[in-house]
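Working notes for the structure below.
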Amino acid sequence: MSENLDQEARWYVVHTYSGYENKVKATLDMIVENRGLQDYIQEISVPTEEVIEIKEGKKKTYERKLYPGYVLVKLILTDEIWYIVRNTRGVTGFVGPSSTHPVPLTDEELLIMGLESNYEPIVDYEVGDSVKIISGPLDGFAGVVQEINSEKKKVIVEVSMFGRETPVELELTQILRI
């Protein structure tokens, strides 16, 4: 299978039976490994978030699926790859207007979902600048930029919390220069 390797891998959304997301990911990982399809199926993701619940005074932390019933797959779409993914146990199909022609996620959708994108945010601040956090749990806090990592689209900001300076890693888009 050497067709279409020159094309770029794109992210697709695969619909699964409810509760089968991790099983589908594990099965696809195994298929990729066994058949040597790493060049075609490059990444498989079941996005989760950490949830902290306090019941009866006890703190419990667990992972919650962001998109129940869906698995995100970065792949180079060929007829064979489409067939393999579509016929994986637990998969009901690709998300899109037609089950035979899956539509990849757009850069805007990737950005909203927190996946990679070719989008390069315009950064108008630099190391040493005072900034204000505009989203996330620390919304409203101010701090000083310590480090900017354009490749990972992250920034480390030193924020004053509880009387101490604490470095916090944020997305480039979560802060504004003061």
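In the structure tokens, chains take the letters A, B, ... in the order shown, each chain's residues start at 1, and ligands count up from 1 in the order shown.
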Alpha helix (DSSP H) call set, DSSP backbone run, chain A, as a ChimeraX atom specification: /A:21-35,79-86,107-113
Shell around range 55-71 of chain A at 7 Å using only C-alpha atoms, local window under 6 positions removed, as a list in words: Val13, Val14, His15, Thr16, Tyr17, Ser18, Gly19, Glu21, Ser45, Val46, Pro47, Thr48 and Glu49 of chain A
Applying 6 Å and only C-alpha atoms, which residues near Ser130 in chain A remain after dropping the ones on its own chain fewer than 2 positions away? List them as a compact mmCIF listing (two decimals) with C-alpha atoms, in the first residue's frame.
```
# COMPACT_ATOMS: atom_id res chain seq x y z
CA GLY A 143 1.31 37.92 35.47
CA VAL A 144 4.63 38.25 33.67
CA ILE A 178 -1.54 44.82 29.55
```
Val32 in chain A surroundings by only C-alpha atoms, 12 Å radius, close-in-sequence under 3 positions cut, as a list in words: Lys25, Ala26, Thr27, Leu28, Asp29, Arg35, Gly36, Leu37, Gln38, Asp39, Tyr40, Ile41, Gln42, Glu43, Ile44, Val73, Leu75, Ile81, Ile84, Val85 and Thr88 of chain A
List the spatial neighbours of Ile156 in chain A as a short mmCIF file (atom, residue, chain, number, x, y, z; two decimals) with C-alpha atoms, in the first residue's frame - criterion: any atom at most 9 Å away, only C-alpha atoms, same-chain residues fewer than 3 positions off excluded.
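So out12.cif came out as:
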```
data_model
loop_
_atom_site.label_atom_id
_atom_site.label_comp_id
_atom_site.auth_asym_id
_atom_site.auth_seq_id
_atom_site.Cartn_x
_atom_site.Cartn_y
_atom_site.Cartn_z
CA VAL A 144 4.63 38.25 33.67
CA VAL A 145 5.60 36.21 30.60
CA GLN A 146 8.55 33.92 31.43
CA GLU A 147 8.78 31.80 28.28
CA ILE A 148 7.05 31.52 24.88
CA ASN A 149 6.99 28.21 23.01
CA PRO A 167 4.70 29.59 36.88
CA VAL A 168 1.60 28.58 34.90
CA GLU A 169 1.53 27.04 31.41
CA LEU A 170 -1.19 28.51 29.18
CA GLU A 171 -2.23 28.55 25.53
#
```
Pick from A:Ser135, A:Thr106, A:Ser98, A:Thr92 nearest to Ile175 in chain A, counting only C-alpha atoms: A:Ser135
Residues of chain A in strand (DSSP E), written as a ChimeraX atom specification: /A:10-16,41-45,48-55,58-65,70-75,91-94,130-133,142-149,154-161,164-171,175-177
Dump as a tab-separated table (two decimals), in the first residue's frame, selection limited to C-alpha atoms:
```tsv
chain	number	residue	atom	x	y	z
A	10	ARG	CA	-5.99	15.15	8.20
A	11	TRP	CA	-8.19	14.76	11.29
A	12	TYR	CA	-11.51	12.92	10.87
A	13	VAL	CA	-14.29	12.23	13.35
A	14	VAL	CA	-15.39	8.61	13.70
A	15	HIS	CA	-18.77	7.83	15.29
A	16	THR	CA	-18.82	4.88	17.72
A	41	ILE	CA	-3.17	6.25	10.59
A	42	GLN	CA	-0.94	8.64	12.51
A	43	GLU	CA	-2.89	9.50	15.64
A	44	ILE	CA	-6.03	8.29	17.43
A	45	SER	CA	-7.56	10.41	20.18
A	48	THR	CA	-11.01	13.82	27.88
A	49	GLU	CA	-10.99	16.41	30.63
A	50	GLU	CA	-10.19	16.02	34.30
A	51	VAL	CA	-13.22	16.59	36.52
A	52	ILE	CA	-12.99	17.15	40.27
A	53	GLU	CA	-16.10	16.20	42.21
A	54	ILE	CA	-16.64	16.79	45.92
A	55	LYS	CA	-19.17	14.44	47.52
A	58	LYS	CA	-14.37	13.84	49.81
A	59	LYS	CA	-12.61	14.98	46.66
A	60	LYS	CA	-12.78	12.60	43.73
A	61	THR	CA	-10.96	13.16	40.43
A	62	TYR	CA	-11.90	11.37	37.24
A	63	GLU	CA	-11.58	11.67	33.46
A	64	ARG	CA	-14.68	12.58	31.45
A	65	LYS	CA	-14.95	12.20	27.67
A	70	TYR	CA	-16.74	9.94	18.98
A	71	VAL	CA	-13.09	9.14	18.29
A	72	LEU	CA	-10.77	11.55	16.46
A	73	VAL	CA	-8.37	9.98	13.96
A	74	LYS	CA	-5.54	11.68	12.06
A	75	LEU	CA	-5.06	9.73	8.86
A	91	VAL	CA	-17.50	2.03	14.74
A	92	THR	CA	-20.77	3.13	13.12
A	93	GLY	CA	-19.14	5.36	10.49
A	94	PHE	CA	-17.33	8.58	9.74
A	130	SER	CA	2.92	42.04	31.87
A	131	VAL	CA	-0.15	40.15	30.69
A	132	LYS	CA	-3.72	39.43	31.78
A	133	ILE	CA	-5.21	35.93	31.58
A	142	ALA	CA	-2.26	39.10	35.85
A	143	GLY	CA	1.31	37.92	35.47
A	144	VAL	CA	4.63	38.25	33.67
A	145	VAL	CA	5.60	36.21	30.60
A	146	GLN	CA	8.55	33.92	31.43
A	147	GLU	CA	8.78	31.80	28.28
A	148	ILE	CA	7.05	31.52	24.88
A	149	ASN	CA	6.99	28.21	23.01
A	154	LYS	CA	2.15	27.55	24.87
A	155	VAL	CA	3.37	30.33	27.12
A	156	ILE	CA	4.62	30.22	30.71
A	157	VAL	CA	3.35	33.09	32.83
A	158	GLU	CA	4.43	33.76	36.41
A	159	VAL	CA	1.28	34.54	38.40
A	160	SER	CA	1.07	35.70	42.01
A	161	MET	CA	-1.11	33.21	43.91
A	164	ARG	CA	3.87	33.32	45.94
A	165	GLU	CA	4.99	33.65	42.34
A	166	THR	CA	3.85	30.51	40.50
A	167	PRO	CA	4.70	29.59	36.88
A	168	VAL	CA	1.60	28.58	34.90
A	169	GLU	CA	1.53	27.04	31.41
A	170	LEU	CA	-1.19	28.51	29.18
A	171	GLU	CA	-2.23	28.55	25.53
A	175	ILE	CA	-3.48	35.96	27.53
A	176	LEU	CA	-3.40	39.60	26.46
A	177	ARG	CA	-0.65	42.17	26.97
```
Pick from A:Gly163, A:Pro104, A:Met30, A:Trp82 nearest to Glu8 in chain A, counting only C-alpha atoms: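 Of the candidates, the smallest distance to Glu8 in chain A is held by A:Pro104.
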